[in-house]
Amino acid sequence: MSLKNKSTLKKLLEFADNRKYFIIFSIFFSALSSILSFLPFIFIWFIIKDILSVFPDITKATETIKYGWLAMGSSVISVLLYFTSLILSHLAAFRVEKNIRKFSMHKIITLPIGYFKQNPSGKLRKIIDDNASLTHTFLAHQLPDISGLAVMPFAIITILFIFDWKLGIVCLFPLMISFLFLKEMIGGNRQMFMENYMNSLETMNSSAVEYIRGIPVVKVFQQTVFSFKNFYNSIKNYKKYASNFALSCRIPLIKYTLSINLPSMLLMPFGLIILLNTNNYKSALLDLIFYMLFVPVCTVMMNKIMHLSESVMSAREALNRVENILEEKNINFSEKNITIENFSIKFNNITFKYPNAKEPVLKNINLEIPEGKVIALVGPSGGGKSTLANLIPRFWDIDQGSITIDNINIKDIPEKQLMDNIAFVFQNSKLFKTSLFENIKMGNPKATKKDVLKAANLAQCDDILQKMPHGLETVIGTKGVYLSGGEQQRIALARAILKDSPIIILDEATAFADPENEYQIQKAFESLIENKTVLIIAHRLSSIKNVDKIFVIKNGRIEESGNHNELLLNDKLYSKMWDEYKSSISWKVGKENINV
Ligand SMILES: Nc1ncnc2c1ncn2[C@@H]1O[C@H](COP(=O)(O)OP(=O)(O)OP(=O)(O)O)[C@@H](O)[C@H]1O
């Protein structure tokens, strides 16, 4: 769905799919209701005219009852039409709100993983949730009013001139001027303001979430809100935009309010002048009464127009924001049917740059993982190890070169096939707020309870299941049920074992572990990687000593490669890292001895 360059209404119609006719009819009924709402005033004019023509013997006013009924009838029909319009607009609004959420969620799932690093979950939730409900409010409540108001000026101009053109001009002139002041308030760069305002609101909300997440750090280091610069600045920024807008509206708002109330103030003196200079005072009095009744309606309408124009601006901005997500470039997967017989992976001279980054983070990488072999990536922090691993499941797409599995470019492998063949254990493996059973079963939705228990056993999770109040059925995140970092890693490993994919990628899976957990995680690894094609990213060099080949990555390039012994003989970066690692271990042991 492409929404670029479409008007707010057209965008809403697209989101409403087959309920778009509801919107059209809602607009039509509301406009009709608005026109009908003027008729009672005209009928009242006729009633007063009828009475004045026979005054003081009002029993002779024969038409009064008929006009009374007509006034009431047109009011009732107008109200009924308005309600019908509201029902239709609500039905359409629910569909639009549902579709905004649905399309955005569908889109999000196709986006590269990296998109989520740049757009934190709190921010995305806000964009989708808040803008979907903002659009709902606009469509359900404000659009019918806008369409009603859109026809009102024509009706008002006509009516104002039907009865007495002089009084008509007295009423209309200030109202016309009020439009200029309205334009001052909402025209020009106000849409730009709305964009900045919403940006600052979004930033403030996501920094608030960051702040709450960081409260332990704030407490431990006895910091105040001022130390959370981002949050503090975002509040200041928000305040700046909100108050600048309010302040910039002050003068135009005063002018606008004055001009829409001016007709009521001018009507009496002008009316009296006309009355004193006419021969037909009855008719002049009748017109004056009509205008005095009718002018407050115009004032109310102009007030509504002012509020609704603000709603149009925020609805337009809300749709723009949803549109930005929908227009985001996703990764295209092939639909071709292919057979993969061998799971060797090759990086052929690849270069990769993150979007918005100036320099490539990986440069001219050539690397092979033969089927059934285990290779490890090591090297200084920030060298590009995780990035390299992320390219295999296409979390990002590469700029130059190719990555192949069984000599087939991964861009030619359908998404499901690619994902089915890879199990990825992330640095911070995410567990969902559901039972342990469901968390592990995510690795293979067809698995039975027996399969899940076996995977849990291989991943050394037995002790976790034993201590949980409801074993495998315990829901994580409920009262008192929390897992340590190392325990979470083991559950994630059980999930990967259950998936039983031929390719395994392990990203720093031991980062959280204490010695006891590390030992168990190591055993879980061994179960997981048996007979698989494996890529491990590890900082603990001891855990990768026996892998088939080690690649040392530094500043986005392969510095050296070989097995542990070969690299030690090379006497370059790896052997330096190994020496440092060994001395850190002996330093640790030494410290422990001192403590003992
Ligand atoms: N989403 C991203 N957008 C832009 N730059 C990124 C992104 N993710 C990582 N980088 C940058 O890419 C470089 C390599 O990061 P990467 O995480 O691949 O390194 P690493 O070798 O795995 O580091 P570590 O061992 O500390 O995990 C770093 O300079 C990092 O700042």
# chains A, B, ... in the order shown; residues from 1 in each chain; ligands from 1

$ residues_near_ligand --ligand "ligand 1" --cutoff "12 Å" --atoms "only C-alpha atoms and all ligand atoms" --output "ChimeraX atom specification"
/A:112-120,352-363,377-391,395-396,426-428,506-509,511,536-540,551-558

$ atom_distance --atom1 "CA of Leu431 (chain A)" --atom2 "CA of Ile212 (chain A)"
20.5 Å

$ residues_around --residues "Ile127 (chain A)" --least-positions-apart "2" --cutoff "12 Å" --atoms "only C-alpha atoms" --output "PDB file with N, CA and C atoms, in the first residue's frame"
ATOM      1  N   ILE A 100      -4.550  -0.146  10.509  1.00  0.00           N
ATOM      2  CA  ILE A 100      -3.270   0.535  10.755  1.00  0.00           C
ATOM      3  C   ILE A 100      -2.382  -0.372  11.594  1.00  0.00           C
ATOM      4  N   ARG A 101      -2.974  -0.957  12.649  1.00  0.00           N
ATOM      5  CA  ARG A 101      -2.179  -1.858  13.503  1.00  0.00           C
ATOM      6  C   ARG A 101      -1.737  -3.085  12.719  1.00  0.00           C
ATOM      7  N   SER A 104       0.852  -2.284   9.978  1.00  0.00           N
ATOM      8  CA  SER A 104       2.138  -1.908  10.576  1.00  0.00           C
ATOM      9  C   SER A 104       2.831  -3.141  11.142  1.00  0.00           C
ATOM     10  N   MET A 105       2.061  -4.018  11.811  1.00  0.00           N
ATOM     11  CA  MET A 105       2.673  -5.213  12.396  1.00  0.00           C
ATOM     12  C   MET A 105       3.201  -6.130  11.287  1.00  0.00           C
ATOM     13  N   ASN A 119      15.126   1.945  16.040  1.00  0.00           N
ATOM     14  CA  ASN A 119      13.803   2.367  16.520  1.00  0.00           C
ATOM     15  C   ASN A 119      13.404   1.481  17.685  1.00  0.00           C
ATOM     16  N   PRO A 120      13.697   1.906  18.916  1.00  0.00           N
ATOM     17  CA  PRO A 120      13.427   1.046  20.067  1.00  0.00           C
ATOM     18  C   PRO A 120      11.953   0.653  20.153  1.00  0.00           C
ATOM     19  N   SER A 121      11.696  -0.496  20.834  1.00  0.00           N
ATOM     20  CA  SER A 121      10.339  -1.043  20.866  1.00  0.00           C
ATOM     21  C   SER A 121       9.322  -0.051  21.435  1.00  0.00           C
ATOM     22  N   GLY A 122       9.742   0.726  22.486  1.00  0.00           N
ATOM     23  CA  GLY A 122       8.821   1.688  23.096  1.00  0.00           C
ATOM     24  C   GLY A 122       8.373   2.721  22.079  1.00  0.00           C
ATOM     25  N   LYS A 123       9.303   3.152  21.255  1.00  0.00           N
ATOM     26  CA  LYS A 123       8.996   4.195  20.273  1.00  0.00           C
ATOM     27  C   LYS A 123       8.046   3.623  19.208  1.00  0.00           C
ATOM     28  N   LEU A 124       8.342   2.404  18.751  1.00  0.00           N
ATOM     29  CA  LEU A 124       7.490   1.797  17.720  1.00  0.00           C
ATOM     30  C   LEU A 124       6.078   1.570  18.242  1.00  0.00           C
ATOM     31  N   ARG A 125       6.011   1.090  19.497  1.00  0.00           N
ATOM     32  CA  ARG A 125       4.687   0.839  20.087  1.00  0.00           C
ATOM     33  C   ARG A 125       3.888   2.144  20.094  1.00  0.00           C
ATOM     34  N   ASP A 129       0.464   2.444  18.208  1.00  0.00           N
ATOM     35  CA  ASP A 129      -0.718   2.507  19.081  1.00  0.00           C
ATOM     36  C   ASP A 129      -1.341   3.901  19.103  1.00  0.00           C
ATOM     37  N   ASP A 130      -0.508   4.880  19.414  1.00  0.00           N
ATOM     38  CA  ASP A 130      -1.055   6.232  19.602  1.00  0.00           C
ATOM     39  C   ASP A 130      -1.626   6.778  18.309  1.00  0.00           C
ATOM     40  N   ASN A 131      -0.904   6.539  17.196  1.00  0.00           N
ATOM     41  CA  ASN A 131      -1.389   7.118  15.951  1.00  0.00           C
ATOM     42  C   ASN A 131      -2.619   6.381  15.444  1.00  0.00           C
ATOM     43  N   ALA A 132      -2.716   5.077  15.739  1.00  0.00           N
ATOM     44  CA  ALA A 132      -3.924   4.351  15.336  1.00  0.00           C
ATOM     45  C   ALA A 132      -5.118   4.903  16.110  1.00  0.00           C
ATOM     46  N   SER A 133      -4.949   5.146  17.422  1.00  0.00           N
ATOM     47  CA  SER A 133      -6.120   5.652  18.157  1.00  0.00           C
ATOM     48  C   SER A 133      -6.400   7.115  17.839  1.00  0.00           C
ATOM     49  N   LEU A 134      -5.352   7.872  17.531  1.00  0.00           N
ATOM     50  CA  LEU A 134      -5.580   9.268  17.128  1.00  0.00           C
ATOM     51  C   LEU A 134      -6.396   9.314  15.830  1.00  0.00           C
ATOM     52  N   THR A 135      -6.048   8.412  14.919  1.00  0.00           N
ATOM     53  CA  THR A 135      -6.763   8.362  13.643  1.00  0.00           C
ATOM     54  C   THR A 135      -8.210   7.925  13.881  1.00  0.00           C
ATOM     55  N   MET A 198       5.131  16.485  17.717  1.00  0.00           N
ATOM     56  CA  MET A 198       4.940  15.050  17.893  1.00  0.00           C
ATOM     57  C   MET A 198       6.282  14.333  18.042  1.00  0.00           C
ATOM     58  N   ASN A 199       7.289  14.816  17.320  1.00  0.00           N
ATOM     59  CA  ASN A 199       8.634  14.240  17.480  1.00  0.00           C
ATOM     60  C   ASN A 199       9.093  14.386  18.921  1.00  0.00           C
ATOM     61  N   LEU A 201       7.303  14.832  21.544  1.00  0.00           N
ATOM     62  CA  LEU A 201       6.481  14.020  22.453  1.00  0.00           C
ATOM     63  C   LEU A 201       6.958  12.560  22.421  1.00  0.00           C
ATOM     64  N   GLU A 202       7.247  12.080  21.209  1.00  0.00           N
ATOM     65  CA  GLU A 202       7.734  10.698  21.060  1.00  0.00           C
ATOM     66  C   GLU A 202       9.067  10.518  21.778  1.00  0.00           C
ATOM     67  N   THR A 203       9.984  11.480  21.552  1.00  0.00           N
ATOM     68  CA  THR A 203      11.301  11.368  22.189  1.00  0.00           C
ATOM     69  C   THR A 203      11.145  11.397  23.695  1.00  0.00           C
ATOM     70  N   ASN A 205       8.617  10.432  25.492  1.00  0.00           N
ATOM     71  CA  ASN A 205       8.065   9.167  25.984  1.00  0.00           C
ATOM     72  C   ASN A 205       9.106   8.061  25.964  1.00  0.00           C
ATOM     73  N   SER A 206       9.881   7.972  24.855  1.00  0.00           N
ATOM     74  CA  SER A 206      10.848   6.868  24.844  1.00  0.00           C
ATOM     75  C   SER A 206      11.992   7.124  25.820  1.00  0.00           C
ATOM     76  N   GLU A 317      -0.557  14.318  10.597  1.00  0.00           N
ATOM     77  CA  GLU A 317       0.770  13.951  11.099  1.00  0.00           C
ATOM     78  C   GLU A 317       0.784  12.488  11.563  1.00  0.00           C
ATOM     79  N   ALA A 318      -0.329  12.060  12.191  1.00  0.00           N
ATOM     80  CA  ALA A 318      -0.403  10.664  12.665  1.00  0.00           C
ATOM     81  C   ALA A 318      -0.281   9.711  11.482  1.00  0.00           C
ATOM     82  N   LEU A 319      -0.992  10.025  10.408  1.00  0.00           N
ATOM     83  CA  LEU A 319      -0.937   9.145   9.227  1.00  0.00           C
ATOM     84  C   LEU A 319       0.450   9.178   8.587  1.00  0.00           C
ATOM     85  N   ASN A 320       1.079  10.354   8.603  1.00  0.00           N
ATOM     86  CA  ASN A 320       2.440  10.441   8.041  1.00  0.00           C
ATOM     87  C   ASN A 320       3.381   9.508   8.772  1.00  0.00           C
ATOM     88  N   ARG A 321       3.202   9.448  10.104  1.00  0.00           N
ATOM     89  CA  ARG A 321       4.103   8.626  10.901  1.00  0.00           C
ATOM     90  C   ARG A 321       3.899   7.144  10.624  1.00  0.00           C
ATOM     91  N   VAL A 322       2.632   6.746  10.498  1.00  0.00           N
ATOM     92  CA  VAL A 322       2.354   5.337  10.185  1.00  0.00           C
ATOM     93  C   VAL A 322       2.911   5.038   8.792  1.00  0.00           C
ATOM     94  N   GLU A 323       2.721   6.010   7.901  1.00  0.00           N
ATOM     95  CA  GLU A 323       3.196   5.854   6.522  1.00  0.00           C
ATOM     96  C   GLU A 323       4.711   5.655   6.480  1.00  0.00           C
ATOM     97  N   ASN A 324       5.439   6.365   7.356  1.00  0.00           N
ATOM     98  CA  ASN A 324       6.894   6.199   7.383  1.00  0.00           C
ATOM     99  C   ASN A 324       7.273   4.753   7.670  1.00  0.00           C
ATOM    100  N   ILE A 325       6.505   4.095   8.541  1.00  0.00           N
ATOM    101  CA  ILE A 325       6.803   2.682   8.839  1.00  0.00           C
ATOM    102  C   ILE A 325       6.457   1.842   7.612  1.00  0.00           C
ATOM    103  N   LEU A 326       5.287   2.115   7.021  1.00  0.00           N
ATOM    104  CA  LEU A 326       4.839   1.280   5.901  1.00  0.00           C
ATOM    105  C   LEU A 326       5.740   1.430   4.672  1.00  0.00           C
TER     106      LEU A 326
END

$ residues_around --residues "region 277-292 of chain A" --least-positions-apart "5" --cutoff "12 Å" --atoms "only C-alpha atoms" --output "PyMOL selection string"
chain A and resi 38+40-55+156+159-172+263-272+297-299

$ residues_around --residues "Lys430 (chain A)" --least-positions-apart "5" --cutoff "10 Å" --atoms "only C-alpha atoms" --output "PDB file with C-alpha atoms, in the first residue's frame"
ATOM      1  CA  VAL A 425      21.393 -17.881  19.966  1.00  0.00           C
ATOM      2  CA  ASN A 439       9.317 -20.687  25.284  1.00  0.00           C
ATOM      3  CA  GLN A 488      17.840 -17.776  30.367  1.00  0.00           C
ATOM      4  CA  GLN A 489      20.732 -18.732  28.085  1.00  0.00           C
ATOM      5  CA  ILE A 491      16.435 -22.141  28.004  1.00  0.00           C
ATOM      6  CA  ALA A 492      17.390 -20.358  24.766  1.00  0.00           C
TER       7      ALA A 492
END

$ residues_around --residues "region 517-531 of chain A" --least-positions-apart "4" --cutoff "8 Å" --atoms "only C-alpha atoms" --output "ChimeraX atom specification"
/A:372-373,458-460,486-487,489-490,493-494,496-497,500,502,504,510,513,543

$ write_last_selection --atoms "C-alpha atoms" --output "JSON list (two decimals), in the first residue's frame"
[["chain", "number", "residue", "atom", "x", "y", "z"],
["A", 372, "GLY", "CA", 29.90, -29.91, 9.85],
["A", 373, "LYS", "CA", 32.80, -27.71, 10.99],
["A", 458, "LEU", "CA", 20.24, -31.75, 26.73],
["A", 459, "ALA", "CA", 20.46, -28.02, 27.44],
["A", 460, "GLN", "CA", 21.10, -28.79, 31.14],
["A", 486, "GLY", "CA", 22.75, -17.94, 32.59],
["A", 487, "GLU", "CA", 19.47, -19.79, 33.13],
["A", 489, "GLN", "CA", 20.73, -18.73, 28.09],
["A", 490, "ARG", "CA", 20.16, -22.42, 28.80],
["A", 493, "LEU", "CA", 19.82, -23.18, 24.00],
["A", 494, "ALA", "CA", 17.06, -25.76, 24.63],
["A", 496, "ALA", "CA", 17.83, -24.01, 19.58],
["A", 497, "ILE", "CA", 18.42, -27.73, 20.28],
["A", 500, "ASP", "CA", 17.62, -28.93, 15.24],
["A", 502, "PRO", "CA", 21.91, -27.70, 10.38],
["A", 504, "ILE", "CA", 24.09, -22.83, 14.35],
["A", 510, "THR", "CA", 28.38, -17.32, 27.79],
["A", 513, "ALA", "CA", 27.32, -16.99, 33.06],
["A", 543, "SER", "CA", 35.83, -22.18, 25.02]]

$ closest_residue --among "A:Phe173, A:Phe181, A:Phe94, A:Phe294" --to "Tyr256 (chain A)" --atoms "only C-alpha atoms"
A:Phe181

$ atom_distance --atom1 "CA of Ile422 (chain A)" --atom2 "CA of Val374 (chain A)"
14.2 Å

$ select_by_dssp --residues "region 385-567 of chain A" --states "alpha helix (DSSP H)" --output "NGL selection string"
:A and (385-391 or 415-420 or 436-441 or 449-458 or 462-467 or 485-499 or 515-529 or 564-567)

$ residues_around --residues "Leu81 (chain A)" --least-positions-apart "4" --cutoff "8 Å" --atoms "only C-alpha atoms" --output "JSON, numbers by chain"
{"A": [29, 30, 32, 33, 77, 85]}
